[in-house]
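Contents: one structure, followed by commentary.
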Protein chains: 4
Amino acid sequence: MNVAPPRRKPRVAVLGATGAVGQAFVRLLVNHPWFELVEVAASERSAGKSYGEAARWIGDEALPASVGAMQVLPCDPGAVTAEIVFSALDSSVAGEAEEAFARAGRFVLSNAKNHRMDSDVPLVIAEVNPDHLDILAAQRKLRGWNGAIVTNGNCASIVAALALAPIQQRFGITQIIATTMQAVSGAGYPGVPSLDILGNVVPYIADEERKVEEELQKFLGTAANDHIDPASFVTSAHCNRVAVEHGHTVTLSVKLPKPAPVEAVREAFATWTGAEDARGLPSAPERPVILMEQPDRPQPRRDVDAGRGMSVSVGRLRADPVLDVKLVAMGHNIVRGAAGASVLNAELLVHRGLVGAA
Amino acid sequence: MNVAPPRRKPRVAVLGATGAVGQAFVRLLVNHPWFELVEVAASERSAGKSYGEAARWIGDEALPASVGAMQVLPCDPGAVTAEIVFSALDSSVAGEAEEAFARAGRFVLSNAKNHRMDSDVPLVIAEVNPDHLDILAAQRKLRGWNGAIVTNGNCASIVAALALAPIQQRFGITQIIATTMQAVSGAGYPGVPSLDILGNVVPYIADEERKVEEELQKFLGTAANDHIDPASFVTSAHCNRVAVEHGHTVTLSVKLPKPAPVEAVREAFATWTGAEDARGLPSAPERPVILMEQPDRPQPRRDVDAGRGMSVSVGRLRADPVLDVKLVAMGHNIVRGAAGASVLNAELLVHRGLVGAA
Amino acid sequence: MNVAPPRRKPRVAVLGATGAVGQAFVRLLVNHPWFELVEVAASERSAGKSYGEAARWIGDEALPASVGAMQVLPCDPGAVTAEIVFSALDSSVAGEAEEAFARAGRFVLSNAKNHRMDSDVPLVIAEVNPDHLDILAAQRKLRGWNGAIVTNGNCASIVAALALAPIQQRFGITQIIATTMQAVSGAGYPGVPSLDILGNVVPYIADEERKVEEELQKFLGTAANDHIDPASFVTSAHCNRVAVEHGHTVTLSVKLPKPAPVEAVREAFATWTGAEDARGLPSAPERPVILMEQPDRPQPRRDVDAGRGMSVSVGRLRADPVLDVKLVAMGHNIVRGAAGASVLNAELLVHRGLVGAA
Amino acid sequence: MNVAPPRRKPRVAVLGATGAVGQAFVRLLVNHPWFELVEVAASERSAGKSYGEAARWIGDEALPASVGAMQVLPCDPGAVTAEIVFSALDSSVAGEAEEAFARAGRFVLSNAKNHRMDSDVPLVIAEVNPDHLDILAAQRKLRGWNGAIVTNGNCASIVAALALAPIQQRFGITQIIATTMQAVSGAGYPGVPSLDILGNVVPYIADEERKVEEELQKFLGTAANDHIDPASFVTSAHCNRVAVEHGHTVTLSVKLPKPAPVEAVREAFATWTGAEDARGLPSAPERPVILMEQPDRPQPRRDVDAGRGMSVSVGRLRADPVLDVKLVAMGHNIVRGAAGASVLNAELLVHRGLVGAA
């Protein structure tokens with residue numbers, strides 16, 4: 001069932017390694033079967049310190065000693081030698097830094113928003129749209145790069161996109177209304193002040209609704225020769241922050257091109273296994289989307305770790321009186337919605353022979 | 001600005017006085033300028049005890065000694081003599097008990113779901129549809145009652161209905177998609193176990209979505225001779241429980257019969273003051289709906305007590321890419337969404353001379 | 001390092017299997033290497049149903065299908081045939097039921113408070129006082145039982161006892177002042193209403209302080225021929241409930257018979273490995289007590305799963321200006337503080353040949 | 001009952017006005033019957049902006065427009081002209097700034113830790129030790145100031161000191177063991193990251209234990225000619241952060257010089273009304289310490305606003321098996337523990353004629 005590992009382990013690095021997502025990358029990569037984590041890089045402020053000193057480690061398990069001892073490098077392709085770099089950089093610096101790495105021949109797997117919507121940059125969920133990687137050749141040619149940039153989406157967009165893919169691929173979609181209830185870890189660390197969120201709901205996350213509305217179209221769009229044609233559906237997003245540690249919950253009302261019975265949609269979920277290409281990759285969960293039948297699930301605290309944090313749980317599938325169907329989706333914003341998604345994308349690149357061969 | 005008080009204070013009682021909503025009634029009535037709280041009633045288990053013994057008082061302020069000393073009566077018009085009774089009864093017993101009181105000539109202001117959707121029973125928000133009380137004459141005639149039953153809606157429905165009224169009354173509405181994030185106090189006491197909700201979202205509240213979908217139509221419908229014609233719009237509700245003490249938050253996407261610019265809708269909110277009839281009543285807030293302009297408001301913990309808990313706060317009014325406009329609304333589920341709404345309805349009955357005259 | 005398994009797997013059952021602690025037993029026993037879970041029993045209300053129906057499963061992982069299909073038996077040695085029974089019974093019924101099982105020749109590992117303080121009933125933490133099992137012979141003789149009852153303590157007592165054992169065994173203890181901050185899961189399910197604990201501290205848990213004060217003396221006492229002599233120190237406990245899911249935190253100020261430098265106490269923690277007898281048992285953690293050096297640890301959310309929930313984490317060891325040393329301890333109230341402790345005690349009984357031989 | 005207002009309203013200013021405590025000062029002073037709030041000052045970063053722009057207003061009620069329009073001044077006695085200044089400055093700048101104001105003839109009411117433990121600077125709770133103000137003459141002489149500095153303590157110290165004062169003043173105290181459970185607002189805004197505290201306890205607050213241990217001695221000490229003699233008791237503090245918005249809870253075990261029955265201590269609480277001098281001042285609560293008899297009170301969420309946030313609630317008074325008595329105390333850390341305490345101290349200065357006369 002598992003796919004064959006690469007003949008040699010590509011050397012990888014994490015950019016922006018000290019933040020919440022950067023730490024998640026470190027956790028996922030430190031004993032990764034396919035990759036060798038050789039370098040960590042961060043801002044000037046941290047560069048030169050040991051990673052153990054520079055990172056305020058927020059994980060539940062101890063920081064692996066081998067990584068704690070690594071010297072933090074500057075985010076510069078002159079200093080970082082790895083051929084694959086995972087970027088958890090802040091958007092204020094990610095744009096230029098990621099381009100510099102791509103120009104220097106590295107594969108950049110980015111969590112930053114800077115290049116996501118560039119028409120020649122694929123925005124990829126391995127199980128949903130792996131064929132979007134086909135535009136990389138055009139990207140490299142157009143930009144004159146030996147390397148490349150592959151992005152993954154905003155954490156809320158990824159959760160929604162996975163829940164919508166089985167519907168889109170079977171029936172098509174014309175309209176989506178999405179309300180998110182997003183965990184505090186989505187804002188990084190220190191992130192949301194406790195005084196703002198204890199016993200509260202904050203009905204606003206800066207720039208988040210635009211991202212969800214645009215990224216869903218791109219994720220579920222189609223690869224043309226040298227760019228991605230966004231899907232033609234329209235999305236309206238309401239984004240909220242709630243007092244949850246990990247796990248973004250999204251309610252979704254969906255309109256189909258022509259009505260389908262709920263049972264047909266249920267069947268689409270039950271049989272959807274995601275793209276062939278992604279199956280058996282080390283970070284791929286057995287089931288990328290899990291349809292739950294209990295009336296009160298999924299719930300972030302109870303279901304967030306399904307598939308080691310890589311499965312999106314879907315529930316309450318039912319008819320929508322206004323559009324056609326409605327449901328609720330929940331997934332781990334740091335794992336499936338950020339670091340885990342990038343690592344899976346890198347595995348896909350390796351599996352497809354785009355990197356690490358020879 | 002305030003309307004004239006009644007010439008005599010009607011004697012009032014609370015049915016189901018020991019629960020969370022019952023206690024809220026007691027708090028609101030104990031020093032009410034128009035009503036004299038003379039009796040509290042509850043289930044067999046509590047009857048005969050003093051109210052102080054029977055109620056596990058959950059309020060922040062101390063239980064008033066005068067009420068603590070009252071003997072709890074059975075929920076029976078033979079035992080309870082008040083002419084106005086506020087019902088916080090559980091739906092398992094509310095149906096029959098409330099009818100018995102109405103038959104015995106009392107005015108019943110009910111929070112229970114049992115009679116809400118009966119076509120001859122008005123479902124009233126004083127500022128939104130006071131004219132629905134006009135069907136009471138038909139109710140009394142049809143049922144052969146000297147008293148009457150007036151209901152208020154589910155707590156989430158009331159918050160949404162107030163936020164939608166300015167739109168409906170100016171433009172009409174054809175479609176609504178609503179996602180609620182509801183406080184734990186909406187489930188009463190003991191209600192939601194802490195193990196279920198700490199750091200969690202529960203995307204399900206039994207029977208809640210149906211109530212919201214039906215009640216909005218009735219609230220915003222029109223009074224015919226002897227029944228209410230529901231509004232013709234269609235609603236889809238997603239109901240969720242969140243770790244908030246008080247205050248239901250609702251995101252709303254709304255379609256109008258014909259598109260209107262957001263600024264026109266903003267203007268509708270800015271100028272909406274609610275029905276003339278309700279203005280100046282003791283429990284009526286200065287502004288039944290408050291439009292907030294800060295990008296991240298309303299928030300339950302910060303805004304729930306606006307208008308002494310009787311104002312619904314609305315924010316983030318903007319264009320909806322799928323329907324026409326979207327917004328977020330938040331109101332106090334126990335005050336505006338339950339006890340306070342009933343007390344205001346009773347004040348309206350008195351003001352209109354339907355009860356307490358002579 | 002691991003001790004040899006028994007030649008045959010003793011058949012075990014859980015009494016009170018549907019509650020929060022009962023469910024924890026099921027989780028720990030379903031794939032246990034030494035025990036075969038053959039029966040689940042609960043109150044009359046549940047008896048006859050399948051376990052899947054009767055238990056509102058609150059775990060994060062799915063209920064194992066094999067257990068879900070088991071028929072719930074009444075808590076009666078006529079119906080339950082297992083030779084070892086784990087009791088998660090409510091104290092209102094545990095007293096008689098547990099005696100009936102012991103009389104019928106079964107080994108009862110009890111979490112109930114009923115028999116804990118009986119002088120001929122051992123109160124055991126496997127790593128702390130395994131020799132207290134020596135009084136079982138006297139118990140059986142005195143009571144005319146073929147079986148026996150072994151208890152474990154209150155969840156807060158167990159956490160504190162483990163943290164104090166390294167001090168008591170090296171230096172002795174004369175006085176303890178303990179303040180607990182206890183998780184909501186310690187009160188079972190539904191347990192603490194969310195309205196009582198969200199954003200709150202409740203400085204009271206019924207009867208808890210007495211238990212902590214008495215049980216610590218018994219845990220750290222010495223086995224005489226036919227009873228336990230309690231330790232002679234005196235304890236004062238302040239017990240509080242906080243908005244934490246799992247993990248009881250306890251601050252401890254401790255007076256020694258004669259002062260010792262903090263470094264000597266630190267050394268006692270660093271070298272303490274618990275009783276020889278318990279080492280290598282399947283449920284025994286590698287380190288029963290973990291001394292943390294970070295200034296702000298242990299924390300329940302970050303450290304509760306240390307040692308698969310069986311380690312107690314200790315931190316902030318420092319001099320106490322009033323007594324001699326102070327520290328903070330934290331452990332998983334459901335695993336180390338309840339079900340896991342009982343299972344470990346059962347493993348100890350098997351290892352010592354008291355049950356399951358031949 | 002209320003004392004006479006001053007003949008003229010002294011002009012007052014807030015230093016560090018944009019932070020959480022600074023905002024609390026603004027709230028308390030904006031309609032103060034005795035003071036006229038004329039200026040707000042803050043760091044260079046804010047100076048020059050309007051207060052409405054500079055302060056991220058976190059209060060529940062709207063920022064008063066009159067204050068929102070004030071221009072933020074630098075924290076410099078050349079720019080700020082008020083005769084009384086309330087300092088909510090960060091300790092990194094408070095030391096010098098406060099001295100500069102005192103040197104310039106102003107009365108500084110400080111919340112910063114910098115001068116609290118200076119032997120010639122009074123650390124005052126108006127109801128507990130108003131006579132400590134007597135050393136101000138010595139302070140002014142010694143330092144050559146026309147103005148003066150009066151400090152109030154750390155928020156946890158103030159809550160504990162008020163709860164201990166009735167005991168100390170009646171019986172004396174020799175030993176105290178205190179465990180705090182402190183609200184997040186005690187760390188200011190943004191303060192505690194939500195990822196650190198949701199569902200968690202953090203058993204550490206930097207430098208807090210030392211403050212509590214030292215300040216209690218000074219609060220409950222005695223004024224000598226030109227300095228304060230600290231009380232001779234010894235305190236051990238364990239300081240913890242919990243997921244509570246406002247309200248510090250403290251468990252206290254107390255040893256008396258000679259044992260007294262709990263009933264005598266209860267009587268001491270029941271009859272303690274605080275220093276004569278503070279009674280009737282505008283910010284003084286009717287009862288500075290409220291002894292609650294319910295077994296599970298005080299609780300921060302339910303009792304924090306007692307006496308408009310200025311009362312400390314005490315409960316669970318009982319015998320301590322190790323020391324003599326134990327109890328739990330809770331008070332509002334921002335009001336009683338910070339801004340409210342300073343305002344009350346300023347009222348006391350005015351009432352004693354030390355400032356604002358003629």
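Naming works like this for the structure tokens: A, B, ... for the chains as they're shown, residue 1 at the start of each chain, ligands 1 onward in shown order.
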
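What chain A places within 10 Å of chain D, counting only C-alpha atoms, is A:Ile58, A:Ala183, A:Val184, A:Ser185, A:Ala187, A:Gly188, A:Tyr189, A:Pro190, A:Gly191, A:Val192, A:Pro193, A:Ser194, A:Leu195, A:Asp196, A:Ile197, A:Leu198, A:Gly199, A:Ala243, A:Val244, A:Glu245, A:His246.
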
Those same residues, written as a compact mmCIF listing (two decimals), in the first residue's frame with N, CA and C atoms?
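Everything below was put into part_10.txt:
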```txt
# COMPACT_ATOMS: atom_id res chain seq x y z
N ILE A 58 6.55 25.00 21.90
CA ILE A 58 5.21 24.93 22.47
C ILE A 58 4.59 23.56 22.33
N ALA A 183 -9.64 27.88 15.29
CA ALA A 183 -8.88 27.71 16.52
C ALA A 183 -7.84 28.80 16.68
N VAL A 184 -7.42 29.04 17.92
CA VAL A 184 -6.46 30.11 18.18
C VAL A 184 -5.07 29.78 17.62
N SER A 185 -4.74 28.51 17.49
CA SER A 185 -3.40 28.21 16.99
C SER A 185 -3.24 28.64 15.54
N ALA A 187 -3.59 31.48 14.55
CA ALA A 187 -3.00 32.82 14.56
C ALA A 187 -1.55 32.80 15.03
N GLY A 188 -0.97 31.60 15.17
CA GLY A 188 0.42 31.52 15.60
C GLY A 188 0.60 31.79 17.07
N TYR A 189 1.88 31.92 17.47
CA TYR A 189 2.20 32.15 18.86
C TYR A 189 3.04 33.40 18.96
N PRO A 190 2.79 34.38 19.84
CA PRO A 190 1.75 34.39 20.85
C PRO A 190 0.34 34.52 20.29
N GLY A 191 0.14 35.09 19.15
CA GLY A 191 -1.16 35.07 18.52
C GLY A 191 -2.26 35.75 19.31
N VAL A 192 -3.37 35.06 19.48
CA VAL A 192 -4.57 35.66 20.06
C VAL A 192 -4.39 35.86 21.57
N PRO A 193 -4.50 37.09 22.06
CA PRO A 193 -4.44 37.31 23.51
C PRO A 193 -5.60 36.61 24.22
N SER A 194 -5.29 36.01 25.36
CA SER A 194 -6.36 35.29 26.06
C SER A 194 -7.50 36.22 26.45
N LEU A 195 -7.19 37.49 26.74
CA LEU A 195 -8.26 38.43 27.09
C LEU A 195 -9.25 38.62 25.95
N ASP A 196 -8.84 38.36 24.72
CA ASP A 196 -9.75 38.53 23.59
C ASP A 196 -10.64 37.32 23.35
N ILE A 197 -10.27 36.16 23.82
CA ILE A 197 -10.99 34.97 23.34
C ILE A 197 -11.59 34.08 24.42
N LEU A 198 -11.14 34.22 25.66
CA LEU A 198 -11.73 33.40 26.73
C LEU A 198 -13.22 33.67 26.83
N GLY A 199 -14.06 32.65 26.69
CA GLY A 199 -15.49 32.83 26.81
C GLY A 199 -16.07 33.74 25.74
N ALA A 243 -12.75 29.88 21.04
CA ALA A 243 -11.81 29.47 22.09
C ALA A 243 -11.51 27.97 22.00
N VAL A 244 -10.89 27.59 20.91
CA VAL A 244 -10.50 26.21 20.65
C VAL A 244 -8.99 26.23 20.42
N GLU A 245 -8.29 25.22 20.89
CA GLU A 245 -6.83 25.21 20.73
C GLU A 245 -6.43 24.89 19.28
N HIS A 246 -6.83 23.72 18.82
CA HIS A 246 -6.52 23.29 17.46
C HIS A 246 -7.79 22.77 16.80
```

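Atom CA of Gly172 of chain C is positioned 12.5 Å from atom CA of Thr222 of chain C.
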
Contact residues around segment 174-180 of chain D with only C-alpha atoms at 6 Å, ignoring same-chain residues under 5 positions, as a ChimeraX atom specification = /D:233-240,249-257

Could you save the residues just selected, with C-alpha atoms, as a tab-separated table (two decimals), in the first residue's frame?
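File produced: part.tsv:
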```tsv
chain	number	residue	atom	x	y	z
D	233	PHE	CA	5.40	36.95	59.91
D	234	VAL	CA	6.83	34.78	57.15
D	235	THR	CA	4.96	34.00	53.95
D	236	SER	CA	5.36	31.27	51.35
D	237	ALA	CA	3.58	31.89	48.05
D	238	HIS	CA	2.79	29.59	45.13
D	239	CYS	CA	1.58	31.68	42.17
D	240	ASN	CA	-0.42	30.20	39.31
D	249	THR	CA	-8.32	33.67	43.94
D	250	VAL	CA	-5.96	32.89	46.85
D	251	THR	CA	-6.04	29.99	49.27
D	252	LEU	CA	-4.52	30.94	52.60
D	253	SER	CA	-3.28	28.86	55.53
D	254	VAL	CA	-2.45	31.07	58.50
D	255	LYS	CA	-0.68	30.53	61.81
D	256	LEU	CA	-1.51	32.81	64.73
D	257	PRO	CA	0.76	33.67	67.65
```

Non-local contacts of Ile334 of chain D (9 Å; only C-alpha atoms; under 6 positions in same chain excluded) as a PyMOL selection string | chain D and resi 20-21+24+155+185-186+246-247+309+340-341

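Counting from atom CA of Val262 of chain C, the distance to atom CA of Phe171 of chain C is 11.8 Å.
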
Would you mind listing what lies within 6 Å of segment 85-102 of chain B as number ranges by chain, with only C-alpha atoms counted and same-chain residues fewer than 5 positions away left out?
-> B: 12-16, 21-22, 77, 108-112, 114, 147-148

With a distance cut-off of 9 Å and only C-alpha atoms, select the neighbouring residues of Ala55 of chain C, excluding the residue or stretch itself and same-chain residues fewer than 4 positions from it, and output the selection as an NGL selection string.
-> :C and (17-19 or 23 or 46 or 50-51 or 68)

Output the selection as a PDB file, in the first residue's frame - C-alpha atoms for each residue.
```pdb
ATOM      1  CA  ALA C  17     -18.308   0.400  32.930  1.00  0.00           C
ATOM      2  CA  THR C  18     -20.445   3.134  31.374  1.00  0.00           C
ATOM      3  CA  GLY C  19     -19.173   6.169  33.320  1.00  0.00           C
ATOM      4  CA  GLN C  23     -14.762   3.917  29.988  1.00  0.00           C
ATOM      5  CA  SER C  46     -27.963  -0.230  31.511  1.00  0.00           C
ATOM      6  CA  SER C  50     -25.216  -3.590  24.478  1.00  0.00           C
ATOM      7  CA  TYR C  51     -22.289  -1.602  25.842  1.00  0.00           C
ATOM      8  CA  GLY C  68     -19.471  -2.202  21.869  1.00  0.00           C
TER       9      GLY C  68
END
```

DSSP strand (DSSP E) residues within segment 27-145 of chain C, listed as JSON, numbers by chain = {"C": [36, 37, 38, 39, 40, 41, 42, 72, 73, 74, 84, 85, 86, 87, 107, 108, 109, 110]}

Run DSSP on the backbone and give me the residues of segment 158-307 of chain C it puts in alpha helix (DSSP H), as an NGL selection string.
-> :C and (158-171 or 194-197 or 208-219 or 262-271 or 300-303)

Since we have the selection now, will you write its residues out, keeping C-alpha atoms, as a tab-separated table (two decimals), in the first residue's frame?
```tsv
chain	number	residue	atom	x	y	z
C	158	ILE	CA	-2.64	9.76	44.15
C	159	VAL	CA	-0.98	12.62	42.32
C	160	ALA	CA	0.16	14.17	45.60
C	161	ALA	CA	1.28	10.85	47.08
C	162	LEU	CA	3.52	10.07	44.15
C	163	ALA	CA	5.09	13.52	44.32
C	164	LEU	CA	5.66	13.18	48.06
C	165	ALA	CA	6.95	9.59	48.09
C	166	PRO	CA	10.53	10.45	47.09
C	167	ILE	CA	10.66	13.00	49.92
C	168	GLN	CA	9.00	10.81	52.53
C	169	GLN	CA	11.16	7.81	51.72
C	170	ARG	CA	14.41	9.76	51.92
C	171	PHE	CA	13.76	12.36	54.61
C	194	SER	CA	-20.14	24.34	31.94
C	195	LEU	CA	-21.99	27.32	33.44
C	196	ASP	CA	-20.17	26.65	36.72
C	197	ILE	CA	-16.63	26.48	35.42
C	208	GLU	CA	-12.28	16.08	48.81
C	209	GLU	CA	-10.07	17.77	51.37
C	210	ARG	CA	-10.76	15.15	54.02
C	211	LYS	CA	-9.89	12.40	51.53
C	212	VAL	CA	-6.59	14.00	50.58
C	213	GLU	CA	-5.68	14.62	54.22
C	214	GLU	CA	-6.43	11.02	55.29
C	215	GLU	CA	-5.32	9.11	52.23
C	216	LEU	CA	-1.86	10.66	52.10
C	217	GLN	CA	-1.21	9.30	55.59
C	218	LYS	CA	-2.32	5.82	54.58
C	219	PHE	CA	-0.47	5.74	51.25
C	262	VAL	CA	16.82	21.80	48.28
C	263	GLU	CA	19.59	20.15	46.32
C	264	ALA	CA	19.33	17.03	48.47
C	265	VAL	CA	15.61	16.90	47.76
C	266	ARG	CA	16.26	17.40	44.06
C	267	GLU	CA	18.69	14.51	44.22
C	268	ALA	CA	16.02	12.38	45.91
C	269	PHE	CA	13.67	13.05	43.00
C	270	ALA	CA	16.32	12.47	40.39
C	271	THR	CA	17.20	9.06	41.75
C	300	PRO	CA	-1.84	19.99	32.62
C	301	ARG	CA	-2.45	20.58	28.93
C	302	ARG	CA	1.18	20.08	27.98
C	303	ASP	CA	2.30	17.34	30.37
```

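Taking atom CA of Glu127 of chain A and atom CA of Asn146 of chain A as the two end points, the separation is 25.8 Å.
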
Close residues, Val314 of chain B itself excluded, 6 Å, only C-alpha atoms, min 5 positions apart in chain, as a list in words | Ile290, Leu291, Met292, Val328 and Ala329 of chain B

Please save N, CA and C atoms of the selected residues as a tab-separated table (two decimals), in the first residue's frame.
```
chain	number	residue	atom	x	y	z
B	290	ILE	N	-28.46	47.58	17.44
B	290	ILE	CA	-27.35	48.53	17.40
B	290	ILE	C	-26.38	48.10	16.30
B	291	LEU	N	-26.16	48.97	15.34
B	291	LEU	CA	-25.21	48.65	14.28
B	291	LEU	C	-23.83	49.13	14.69
B	292	MET	N	-22.89	48.20	14.81
B	292	MET	CA	-21.53	48.55	15.23
B	292	MET	C	-20.65	48.68	14.00
B	328	VAL	N	-23.20	39.99	10.93
B	328	VAL	CA	-23.18	39.14	12.11
B	328	VAL	C	-24.03	39.82	13.18
B	329	ALA	N	-24.79	39.01	13.92
B	329	ALA	CA	-25.67	39.55	14.95
B	329	ALA	C	-25.39	38.81	16.25
```
